[in-house]
There are 2 protein chains.
Amino acid sequence: MIPGPVKVPQRVLRAMAKPMISHRSADFEKIYEDCRSRLKDLFDTENEVVVLSGSGTAGMEAAVGGIIGEGEKVVTVTNGKFGERFTELGDRYGSIVPLDFPWGTPFDLARIEAALEDGAKAITMVHNETSVGIVNPAREVGKLARKYDAVFIVDGISSVGGNEFLTDEWGIDIAITGSQKCLAVPPGLAMVAVSKRAMDLLEEGKGGYYTDLKAHLKKASKNQTPYTPAVSLFFALQEALKMAAEEGFPERRARMAALAGGVRAAASALDIQLFPQVNEHTTYSNTVTAMKMPSGISDSQLRGGMRKRGVVVSGGQEGLKGKIFRIGTMGACTEADVLRTIQTLELVLEKEGVISSLGAGVEAASKAIEA
Amino acid sequence: MIPGPVKVPQRVLRAMAKPMISHRSADFEKIYEDCRSRLKDLFDTENEVVVLSGSGTAGMEAAVGGIIGEGEKVVTVTNGKFGERFTELGDRYGSIVPLDFPWGTPFDLARIEAALEDGAKAITMVHNETSVGIVNPAREVGKLARKYDAVFIVDGISSVGGNEFLTDEWGIDIAITGSQKCLAVPPGLAMVAVSKRAMDLLEEGKGGYYTDLKAHLKKASKNQTPYTPAVSLFFALQEALKMAAEEGFPERRARMAALAGGVRAAASALDIQLFPQVNEHTTYSNTVTAMKMPSGISDSQLRGGMRKRGVVVSGGQEGLKGKIFRIGTMGACTEADVLRTIQTLELVLEKEGVISSLGAGVEAASKAIEA
């Protein structure tokens with residue numbers, strides 16, 4: 001029950017075990033074409049979509065390295081671990097204007113506007129901050145990006161397919177997602193949607209070589225890749241996209257929303273505080289719920305106790321180690337998965353004397369999910 | 001029968017379909033540790049080995065981007081398509097001294113020495129040029145690299161595990177291979193062996209971000225990866241390395257050598273000329289045989305005819321399109337695979353009137369393989 005890599009459905013695992021094909025064959029081109037077309041639906045976009053054989057970070061490098069060159073400014077807005085990766089990337093390729101908000105707290109839109117007013121070629125943000133379970137206001141930041149003519153780069157890695165994500169409506173120039181999150185594919189592919197405006201700004205020979213967005217776009221127009229792709233993962237991606245289409249993209253998001261709502265209801269019933277601070281533009285995530293560690297129990301007691309009972313949840317990262325724990329509700333996650341997780345959590349809390357009776361969390365979660 | 005991605009054995013495909021595990025788990029660390037240790041045997045090295053989730057090109061970028069910075073010179077020796085990739089990489093990150101020999105012809109070692117005499121931080125070469133089926137003299141170039149204190153970077157992508165490849169004995173500072181060639185794993189992983197000398201030269205923040213060799217080495221010391229790895233491909237890699245160890249690394253190379261010898265014997269019996277020019281330091285490849293297109297038949301007749309009969313072989317790349325065809329003998333390839341391929345080739349040649357009777361190629365191949 002960690003927020004990715006998530007459990008991979010049998011259908012997708014089986015697809016991956018198909019015999020190898022040449023990546024220069026018409027068969028591969030057909031698969032890539034089908035994936036690209038389905039990904040446009042997933043991203044809610046008319047923009048071009050390319051698939052890189054690498055982790056989400058490869059996609060983030062493709063975006064920042066392709067747009068930002070020496071001396072060019074990028075505003076990097078951060079309220080968690082993954083936002084900081086954009087800052088590192090911006091620093092490597094150009095000049096950064098970092099706007100760091102405390103982890104798990106909302107962006108201050110006025111500060112963002114002030115930074116853009118000073119002039120910047122691009123602005124980056126993470127939509128769903130996996131490290132703190134918060135959904136940041138892409139629509140609002142997108143309006144500011146357009147107002148000040150900055151390229152809008154959004155990490156949607158743990159978001160696309162789980163939270164609402166409107167690439168075109170929000171004016172996202174480069175949107176990135178990863179295979180191992182809401183799509184429930186094994187890790188190893190990054191999907192990148194690129195607007196016409198961003199494409200026009202890409203230059204040959206800029207940024208990383210393996211992640212060169214211009215090279216990937218050029219080859220994608222023929223449904224090919226510039227370097228040998230991870231063919232088996234493309235088999236898996238195609239199957240997972242078919243499964244998502246069968247369930248329906250909105251239905252899938254609604255399922256994850258209901259499951260995360262169930263986790264939050266259980267937390268409330270068990271007197272566990274949610275970690276992120278939200279406001280009118282900022283919401284709790286549908287794909288990962290971050291909760292404060294209850295007093296009277298340590299991280300190793302809570303997560304170790306759950307692991308011993310067969311359920312793996314995540315801890316906090318960096319400064320939040322030992323202070324929070326996180327439950328993912330992405331991909332193929334079901335109500336039964338969530339209830340089993342909450343039940344296991346209750347057992348551990350009771351064993352350590354944090355709660356005195358069992359059942360309140362499961363009942364609250366079940367009611368919330370079925371509402 | 002193309003020179004990669006090659007057919008993947010059932011055992012490896014099944015390993016890939018195992019349920020997902022967290023890349024931050026002890027289970028993953030154990031797999032990575034085991035793979036790294038087995039890869040040292042494969043590379044014949046005491047150097048550190050890291051695995052990047054990307055194609056061989058990602059490994060080549062890790063090497064060049066990590067070592068060569070602005071204004072630093074790299075001699076890039078080329079006699080085929082993949083050597084040119086090093087030239088592109090060197091040009092992106094530093095200053096290139098390209099030594100281009102005609103595709104498929106031997107290196108001129110005197111010219112290489114002259115280039116190194118002028119001073120260069122590094123020198124790159126491809127050991128087994130997949131595009132032309134030639135094995136270049138890594139031992140001899142390695143001696144020159146040591147003499148002039150240049151970092152020696154070798155692309156062993158279609159070589160390691162198929163041809164003799166002595167990383168330490170030849171003084172290779174950075175050796176690269178890919179998963180989809182001699183190991184018969186699906187594409188998507190690059191393995192990089194790095195000497196102490198090269199490690200000391202790596203700098204933080206240099207080269208690509210996703211392919212940052214220093215970051216990968218740092219995490220590998222704890223058997224972790226800096227970014228989410230393609231976990232399923234690591235399952236496959238571990239299984240393939242076990243299979244290779246069961247067969248024995250020398251036995252495996254001997255098998256590929258015998259099979260390539262069979263292809264060459266068939267070519268000779270059918271009056272088909274081999275494409276590469278060899279000399280005392282330069283040999284034909286064990287993993288891919290490049291042959292000139294016989295007169296009286298076109299590329300589409302030859303390769304299309306074979307494909308129609310169920311056997312896929314490769315054509316020439318770039319300037320060699322239509323002029324050569326290539327048969328791979330890597331990975332899990334067997335004598336039966338080679339004989340079926342030669343038989344199919346004969347059928348097509350006879351149909352187009354290039355030869356008048358069947359059997360000479362198969363007989364020659366079979367005799368050579370069993371000798």
# chains A, B, ... in the order shown; residues from 1 in each chain; ligands from 1
>>> residues_around(residues="range 97-112 of chain A", least_positions_apart="6", cutoff="9 Å", atoms="only C-alpha atoms", output="PyMOL selection string")
chain A and resi 73-81+83-84+87+90+120+129+131-137+140-141+144+275-279+281-283+320
>>> select_by_dssp(residues="range 203-288 of chain B", states="alpha helix (DSSP H)", output="count of residues only")
46
>>> interface_residues(of="chain A", to="chain B", cutoff="7 Å", atoms="only C-alpha atoms", output="compact mmCIF listing (two decimals) with all heavy atoms, in the first residue's frame")
# COMPACT_ATOMS: atom_id res chain seq x y z
N PRO A 5 6.33 2.18 -6.35
CA PRO A 5 5.66 1.35 -7.36
C PRO A 5 4.52 0.54 -6.74
O PRO A 5 4.67 -0.03 -5.66
CB PRO A 5 6.76 0.39 -7.85
CG PRO A 5 8.05 1.02 -7.44
CD PRO A 5 7.76 1.83 -6.23
N LYS A 7 1.20 -2.32 -6.82
CA LYS A 7 0.92 -3.69 -7.24
C LYS A 7 0.51 -3.69 -8.72
O LYS A 7 -0.26 -2.84 -9.14
CB LYS A 7 -0.25 -4.20 -6.38
CG LYS A 7 -0.36 -5.70 -6.31
CD LYS A 7 -1.32 -6.11 -5.19
CE LYS A 7 -2.77 -5.70 -5.50
NZ LYS A 7 -3.71 -6.15 -4.44
N VAL A 8 1.04 -4.62 -9.48
CA VAL A 8 0.75 -4.66 -10.92
C VAL A 8 -0.25 -5.79 -11.19
O VAL A 8 -0.01 -6.93 -10.78
CB VAL A 8 2.04 -4.87 -11.73
CG1 VAL A 8 1.75 -4.98 -13.21
CG2 VAL A 8 3.03 -3.74 -11.45
N LEU A 13 1.15 -7.95 -15.98
CA LEU A 13 2.35 -8.81 -15.84
C LEU A 13 2.43 -9.80 -17.00
O LEU A 13 3.50 -10.03 -17.57
CB LEU A 13 2.31 -9.57 -14.51
CG LEU A 13 2.53 -8.75 -13.23
CD1 LEU A 13 2.36 -9.64 -12.01
CD2 LEU A 13 3.89 -8.07 -13.21
N ARG A 14 1.28 -10.37 -17.36
CA ARG A 14 1.28 -11.34 -18.46
C ARG A 14 1.65 -10.67 -19.79
O ARG A 14 2.36 -11.24 -20.61
CB ARG A 14 -0.09 -12.02 -18.58
CG ARG A 14 -0.23 -13.25 -17.69
CD ARG A 14 -1.39 -14.12 -18.12
NE ARG A 14 -2.65 -13.40 -18.13
CZ ARG A 14 -3.48 -13.30 -17.08
NH1 ARG A 14 -3.20 -13.90 -15.95
NH2 ARG A 14 -4.60 -12.62 -17.17
N MET A 16 3.62 -8.30 -20.22
CA MET A 16 5.05 -8.04 -20.21
C MET A 16 5.85 -9.28 -20.60
O MET A 16 6.99 -9.17 -21.07
CB MET A 16 5.45 -7.59 -18.82
CG MET A 16 6.67 -6.74 -18.83
SD MET A 16 6.82 -5.83 -17.29
CE MET A 16 6.25 -6.99 -16.08
N ALA A 17 5.29 -10.44 -20.37
CA ALA A 17 6.01 -11.69 -20.65
C ALA A 17 5.86 -12.15 -22.10
O ALA A 17 6.25 -13.25 -22.45
CB ALA A 17 5.55 -12.78 -19.68
N PRO A 19 6.72 -12.55 -26.07
CA PRO A 19 8.03 -12.64 -26.73
C PRO A 19 8.49 -11.28 -27.24
O PRO A 19 7.66 -10.44 -27.62
CB PRO A 19 7.76 -13.59 -27.91
CG PRO A 19 6.53 -14.35 -27.54
CD PRO A 19 5.72 -13.45 -26.67
N MET A 20 9.79 -11.10 -27.25
CA MET A 20 10.39 -9.83 -27.66
C MET A 20 10.12 -9.55 -29.14
O MET A 20 10.06 -10.47 -29.94
CB MET A 20 11.89 -9.93 -27.41
CG MET A 20 12.68 -8.63 -27.54
SD MET A 20 11.96 -7.24 -26.66
CE MET A 20 11.61 -7.94 -25.04
N SER A 22 11.29 -6.59 -32.37
CA SER A 22 12.26 -5.54 -32.68
C SER A 22 11.61 -4.17 -32.48
O SER A 22 10.47 -3.96 -32.87
CB SER A 22 12.73 -5.66 -34.13
OG SER A 22 13.39 -4.45 -34.52
N SER A 53 12.06 5.76 -21.99
CA SER A 53 12.38 4.57 -21.21
C SER A 53 13.29 4.97 -20.06
O SER A 53 14.51 4.97 -20.16
CB SER A 53 13.07 3.53 -22.09
OG SER A 53 12.14 3.06 -23.06
N GLY A 54 12.64 5.35 -18.96
CA GLY A 54 13.36 5.82 -17.78
C GLY A 54 12.34 6.15 -16.71
O GLY A 54 11.13 6.07 -16.96
N SER A 55 12.78 6.53 -15.54
CA SER A 55 11.85 6.86 -14.46
C SER A 55 11.25 8.24 -14.69
O SER A 55 11.63 8.96 -15.62
CB SER A 55 12.57 6.83 -13.12
OG SER A 55 13.32 8.01 -12.95
N THR A 57 11.88 10.85 -13.24
CA THR A 57 12.97 11.84 -13.21
C THR A 57 13.52 12.09 -14.61
O THR A 57 13.88 13.22 -14.94
CB THR A 57 14.09 11.34 -12.28
OG1 THR A 57 13.53 11.19 -10.97
CG2 THR A 57 15.24 12.32 -12.22
N ALA A 58 13.58 11.05 -15.44
CA ALA A 58 14.02 11.23 -16.83
C ALA A 58 13.08 12.19 -17.55
O ALA A 58 13.52 13.05 -18.32
CB ALA A 58 14.09 9.88 -17.56
N GLU A 61 13.78 15.70 -16.34
CA GLU A 61 14.99 16.24 -16.97
C GLU A 61 14.70 16.63 -18.43
O GLU A 61 15.20 17.66 -18.90
CB GLU A 61 16.13 15.22 -16.93
CG GLU A 61 17.41 15.79 -17.54
CD GLU A 61 18.60 14.82 -17.52
OE1 GLU A 61 18.37 13.59 -17.58
OE2 GLU A 61 19.74 15.30 -17.44
N ARG A 92 21.11 22.69 -12.50
CA ARG A 92 22.09 22.07 -13.38
C ARG A 92 22.07 22.72 -14.76
O ARG A 92 23.12 22.92 -15.37
CB ARG A 92 21.82 20.57 -13.51
CG ARG A 92 22.78 19.89 -14.48
CD ARG A 92 22.87 18.39 -14.38
NE ARG A 92 23.06 17.86 -13.06
CZ ARG A 92 23.77 16.75 -12.79
NH1 ARG A 92 24.39 16.11 -13.75
NH2 ARG A 92 23.84 16.30 -11.57
N PRO A 186 4.75 -1.63 -14.14
CA PRO A 186 6.04 -1.58 -13.44
C PRO A 186 6.77 -0.27 -13.72
O PRO A 186 6.52 0.37 -14.75
CB PRO A 186 6.81 -2.77 -14.04
CG PRO A 186 5.74 -3.72 -14.48
CD PRO A 186 4.63 -2.84 -14.98
N PRO A 187 7.67 0.14 -12.84
CA PRO A 187 8.42 1.37 -13.10
C PRO A 187 9.35 1.22 -14.29
O PRO A 187 9.75 0.11 -14.64
CB PRO A 187 9.22 1.58 -11.81
CG PRO A 187 9.26 0.27 -11.12
CD PRO A 187 8.04 -0.49 -11.56
N GLY A 188 9.68 2.35 -14.93
CA GLY A 188 10.65 2.33 -16.01
C GLY A 188 10.24 3.13 -17.24
O GLY A 188 11.01 3.23 -18.18
N GLY A 205 20.46 19.78 -29.09
CA GLY A 205 21.72 19.77 -28.33
C GLY A 205 21.67 20.41 -26.96
O GLY A 205 22.68 20.67 -26.35
N GLY A 208 20.01 17.12 -21.34
CA GLY A 208 20.59 15.78 -21.38
C GLY A 208 20.47 15.17 -22.77
O GLY A 208 19.65 15.61 -23.59
N TYR A 209 21.31 14.19 -23.05
CA TYR A 209 21.30 13.55 -24.38
C TYR A 209 20.25 12.44 -24.42
O TYR A 209 19.38 12.42 -25.29
CB TYR A 209 22.70 12.98 -24.64
CG TYR A 209 22.90 12.33 -25.99
CD1 TYR A 209 23.36 13.08 -27.07
CD2 TYR A 209 22.66 10.98 -26.18
CE1 TYR A 209 23.56 12.48 -28.32
CE2 TYR A 209 22.86 10.38 -27.42
CZ TYR A 209 23.30 11.13 -28.49
OH TYR A 209 23.48 10.54 -29.71
N TYR A 210 20.30 11.56 -23.43
CA TYR A 210 19.35 10.44 -23.40
C TYR A 210 17.92 10.95 -23.24
O TYR A 210 16.98 10.34 -23.74
CB TYR A 210 19.71 9.49 -22.26
CG TYR A 210 18.85 8.26 -22.18
CD1 TYR A 210 18.88 7.30 -23.19
CD2 TYR A 210 17.98 8.05 -21.11
CE1 TYR A 210 18.08 6.18 -23.13
CE2 TYR A 210 17.18 6.92 -21.05
CZ TYR A 210 17.23 5.99 -22.06
OH TYR A 210 16.43 4.88 -22.02
N TYR A 227 16.37 6.04 -29.11
CA TYR A 227 17.25 4.99 -28.60
C TYR A 227 16.39 3.76 -28.31
O TYR A 227 15.17 3.86 -28.27
CB TYR A 227 17.98 5.48 -27.34
CG TYR A 227 18.49 6.87 -27.52
CD1 TYR A 227 18.04 7.93 -26.74
CD2 TYR A 227 19.39 7.16 -28.56
CE1 TYR A 227 18.47 9.23 -26.96
CE2 TYR A 227 19.83 8.45 -28.80
CZ TYR A 227 19.36 9.49 -28.00
OH TYR A 227 19.78 10.77 -28.25
N THR A 228 17.03 2.61 -28.12
CA THR A 228 16.27 1.37 -27.91
C THR A 228 15.32 1.52 -26.72
O THR A 228 15.76 1.80 -25.61
CB THR A 228 17.24 0.20 -27.67
OG1 THR A 228 18.24 0.23 -28.68
CG2 THR A 228 16.50 -1.12 -27.70
N PRO A 229 14.02 1.35 -26.93
CA PRO A 229 13.06 1.49 -25.82
C PRO A 229 12.96 0.19 -25.02
O PRO A 229 13.35 -0.87 -25.49
CB PRO A 229 11.75 1.76 -26.56
CG PRO A 229 11.90 1.04 -27.86
CD PRO A 229 13.37 1.10 -28.22
N ALA A 230 12.41 0.30 -23.81
CA ALA A 230 12.19 -0.86 -22.95
C ALA A 230 10.91 -1.55 -23.43
O ALA A 230 9.82 -1.37 -22.88
CB ALA A 230 12.07 -0.43 -21.49
N VAL A 231 11.04 -2.35 -24.49
CA VAL A 231 9.90 -2.90 -25.23
C VAL A 231 8.87 -3.59 -24.31
O VAL A 231 7.66 -3.36 -24.43
CB VAL A 231 10.38 -3.87 -26.34
CG1 VAL A 231 9.20 -4.52 -27.04
CG2 VAL A 231 11.25 -3.13 -27.35
N SER A 232 9.33 -4.42 -23.38
CA SER A 232 8.40 -5.15 -22.51
C SER A 232 7.53 -4.20 -21.70
O SER A 232 6.37 -4.49 -21.42
CB SER A 232 9.13 -6.05 -21.52
OG SER A 232 10.29 -6.58 -22.08
>>> residues_around(residues="range 257-267 of chain A", least_positions_apart="3", cutoff="10 Å", atoms="only C-alpha atoms", output="ChimeraX atom specification")
/A:162-164,251-254,270-274,284-292,327-330,333-339,341-343,345-346,359-371
>>> closest_residue(among="B:Gln317, B:Asn223, B:Pro294, B:Ile96", to="Ile355 in chain B", atoms="only C-alpha atoms")
B:Pro294
